[in-house]
>>> print(open('input-v3.txt').read())   # compact mmCIF, C-alpha atoms
# COMPACT_ATOMS: atom_id res chain seq x y z
CA MET A 1 -7.01 30.19 -45.68
CA SER A 2 -3.31 30.37 -44.94
CA ASN A 3 -0.76 27.79 -46.06
CA LEU A 4 1.47 28.45 -43.04
CA GLY A 5 -0.30 25.85 -40.83
CA TRP A 6 1.43 25.12 -37.52
CA TYR A 7 3.90 27.99 -37.95
CA GLN A 8 1.03 30.46 -37.94
CA TRP A 9 -0.56 28.82 -34.90
CA ILE A 10 2.73 28.89 -32.94
CA THR A 11 3.36 32.53 -33.92
CA THR A 12 -0.14 33.58 -32.87
CA ALA A 13 0.05 31.65 -29.58
CA SER A 14 3.49 33.13 -28.82
CA LYS A 15 2.18 36.67 -29.31
CA LYS A 16 -0.79 36.00 -26.99
CA VAL A 17 1.44 34.87 -24.08
CA GLY A 18 4.19 37.43 -24.52
CA GLY A 19 6.76 35.70 -26.72
CA PRO A 20 8.17 32.31 -27.64
CA LEU A 21 10.06 31.83 -24.34
CA ASN A 22 6.84 32.29 -22.38
CA LEU A 23 5.09 29.79 -24.66
CA LEU A 24 7.88 27.24 -24.14
CA ALA A 25 7.77 27.80 -20.37
CA ILE A 26 4.00 27.23 -20.32
CA ILE A 27 4.27 24.06 -22.43
CA GLY A 28 7.20 22.74 -20.37
CA GLY A 29 5.50 23.48 -17.05
CA SER A 30 2.31 21.82 -18.21
CA CYS A 31 4.22 18.72 -19.30
CA LEU A 32 5.97 18.51 -15.92
CA ALA A 33 2.71 18.92 -14.01
CA VAL A 34 0.87 16.31 -16.06
CA GLY A 35 3.85 13.93 -16.00
CA GLY A 36 4.24 14.26 -12.24
CA THR A 37 0.55 13.64 -11.65
CA VAL A 38 0.46 10.59 -13.93
CA GLY A 39 3.65 9.22 -12.37
CA SER A 40 2.24 9.67 -8.89
CA VAL A 41 -1.01 7.91 -9.79
CA ILE A 42 0.86 4.99 -11.37
CA THR A 43 3.16 4.69 -8.36
CA ASN A 44 0.23 4.68 -5.92
CA LYS A 45 -1.64 2.05 -7.94
CA TYR A 46 1.47 -0.12 -8.05
CA ARG A 47 1.89 0.14 -4.27
CA ASP A 48 -1.80 -0.69 -3.71
CA ILE A 49 -1.53 -3.81 -5.86
CA LYS A 50 1.77 -4.80 -4.22
CA ASP A 51 0.35 -4.38 -0.69
CA LYS A 52 -2.69 -6.57 -1.45
CA LYS A 53 -0.59 -9.66 -2.17
CA GLU A 54 -1.16 -12.55 0.17
CA LEU A 55 1.24 -12.89 3.05
CA LYS A 56 3.53 -15.90 3.08
CA THR A 57 2.91 -17.86 6.25
CA LEU A 58 4.79 -20.47 8.22
CA GLY A 59 1.52 -22.18 9.02
CA THR A 60 -2.13 -21.65 9.86
CA TYR A 61 -3.52 -22.89 13.15
CA SER A 62 -6.81 -23.06 15.06
CA VAL A 63 -7.18 -21.72 18.57
CA LYS A 64 -8.12 -24.53 20.97
CA LYS A 65 -8.35 -22.52 24.20
CA ASP A 66 -9.48 -18.94 24.84
CA ALA A 67 -6.60 -16.58 25.56
CA GLU A 68 -6.11 -12.84 25.94
CA ILE A 69 -3.28 -10.33 26.11
CA LYS A 70 -4.79 -7.11 27.47
CA LYS A 71 -1.67 -5.01 26.85
CA ILE A 72 -1.98 -5.37 23.05
CA LYS A 73 -5.76 -5.96 23.04
CA LEU A 74 -5.48 -9.42 21.50
CA VAL A 75 -8.34 -11.80 22.23
CA LEU A 76 -8.23 -15.33 20.86
CA LYS A 77 -11.44 -17.35 21.06
CA THR A 78 -11.80 -21.07 20.52
CA GLY A 79 -12.06 -21.74 16.79
CA ASP A 80 -10.29 -18.56 15.62
CA GLN A 81 -7.73 -19.02 12.86
CA ILE A 82 -4.25 -17.51 13.14
CA ALA A 83 -1.35 -17.54 10.71
CA ILE A 84 2.28 -17.40 11.79
CA LEU A 85 4.28 -15.00 9.62
CA ALA A 86 7.67 -15.11 11.33
CA ALA A 87 9.38 -16.51 14.40
CA ASP A 88 12.54 -15.44 16.18
CA ASP A 89 13.44 -17.14 19.47
CA ASP A 90 10.51 -16.38 21.77
CA SER A 91 8.86 -13.69 19.59
CA ILE A 92 6.30 -14.80 17.04
CA LEU A 93 4.51 -12.57 14.53
CA ILE A 94 0.93 -13.70 13.99
CA VAL A 95 -2.09 -12.56 12.01
CA LYS A 96 -5.57 -13.25 13.32
CA ASN A 97 -8.05 -13.83 10.50
CA GLY A 98 -10.75 -11.16 10.37
CA ASP A 99 -8.94 -8.75 12.72
CA GLU A 100 -8.26 -5.18 11.55
CA ASP A 101 -5.46 -4.57 14.08
CA ASN A 102 -3.10 -7.20 12.60
CA PRO A 103 -0.30 -8.20 12.99
CA TYR A 104 0.61 -9.04 16.59
CA PHE A 105 3.85 -10.04 18.29
CA VAL A 106 3.27 -12.73 20.91
CA SER A 107 5.48 -15.06 22.92
CA ALA A 108 5.94 -18.71 22.03
CA ASN A 109 4.70 -19.69 25.50
CA PHE A 110 1.42 -17.84 24.91
CA LEU A 111 0.82 -19.72 21.68
CA MET A 112 1.78 -23.11 23.14
CA VAL A 113 -1.01 -22.76 25.70
CA SER A 114 -3.79 -21.65 23.34
CA VAL A 115 -2.99 -23.00 19.86
CA GLU A 116 -2.60 -26.48 18.45
>>> encode(input="input-v3.txt", output="structure tokens")
Amino acid sequence: MSNLGWYQWITTASKKVGGPLNLLAIIGGSCLAVGGTVGSVITNKYRDIKDKKELKTLGTYSVKKDAEIKKIKLVLKTGDQIAILAADDDSILIVKNGDEDNPYFVSANFLMVSVE
């Protein structure tokens, strides 16, 4: 049994890969690859958690009269729940509960007719 320990291991490994510079390049490249992968996974998880936060609304309303906008394929039935996210003059950004195609931009006049 040798008393050289890690020095012997590093020397042997360096000889197997063609020298100490090659060994350092392999170790450095491996660290970059692993670090990049871990960083990417952490970033994606952070974005997933951030995107799942609840939206802040200006109010939630019930639909009192059926209404439809064929151009954007929005159908509001009596009893549906919508949440208003933002309003700017005549444009209003809404989210229809249970709809996968959210959000929608609608006019204020459209909402005045169908929502209370």
>>> atom_distance(input="input-v3.txt", atom1="CA of Asp89 in chain A", atom2="CA of Lys65 in chain A")
22.9 Å
>>> residues_around(input="input-v3.txt", residues="Lys96 in chain A", least_positions_apart="3", cutoff="7 Å", atoms="all atoms listed in the file", output="NGL selection string")
:A and (81-83 or 99 or 102)
>>> closest_residue(input="input-v3.txt", among="A:Ile10, A:Ile27, A:Ile69, A:Val63", to="Tyr104 in chain A", atoms="only C-alpha atoms")
A:Ile69
>>> closest_residue(input="input-v3.txt", among="A:Ile42, A:Ala86, A:Ile92, A:Ala25", to="Met112 in chain A", atoms="all atoms listed in the file")
A:Ile92
>>> atom_distance(input="input-v3.txt", atom1="CA of Thr60 in chain A", atom2="CA of Asp48 in chain A")
25.0 Å
>>> closest_residue(input="input-v3.txt", among="A:Lys70, A:Ser114, A:Cys31, A:Thr57", to="Val95 in chain A", atoms="all atoms listed in the file")
A:Thr57
>>> closest_residue(input="input-v3.txt", among="A:Val17, A:Val115, A:Leu93, A:Val34", to="Leu76 in chain A", atoms="all atoms listed in the file")
A:Val115
>>> closest_residue(input="input-v3.txt", among="A:Val106, A:Ala13, A:Val38, A:Val113", to="Lys73 in chain A", atoms="only C-alpha atoms")
A:Val106
>>> atom_distance(input="input-v3.txt", atom1="CA of Thr11 in chain A", atom2="CA of Ser30 in chain A")
19.0 Å
>>> closest_residue(input="input-v3.txt", among="A:Ser91, A:Ser14, A:Gly39, A:Leu21", to="Asn109 in chain A", atoms="all atoms listed in the file")
A:Ser91
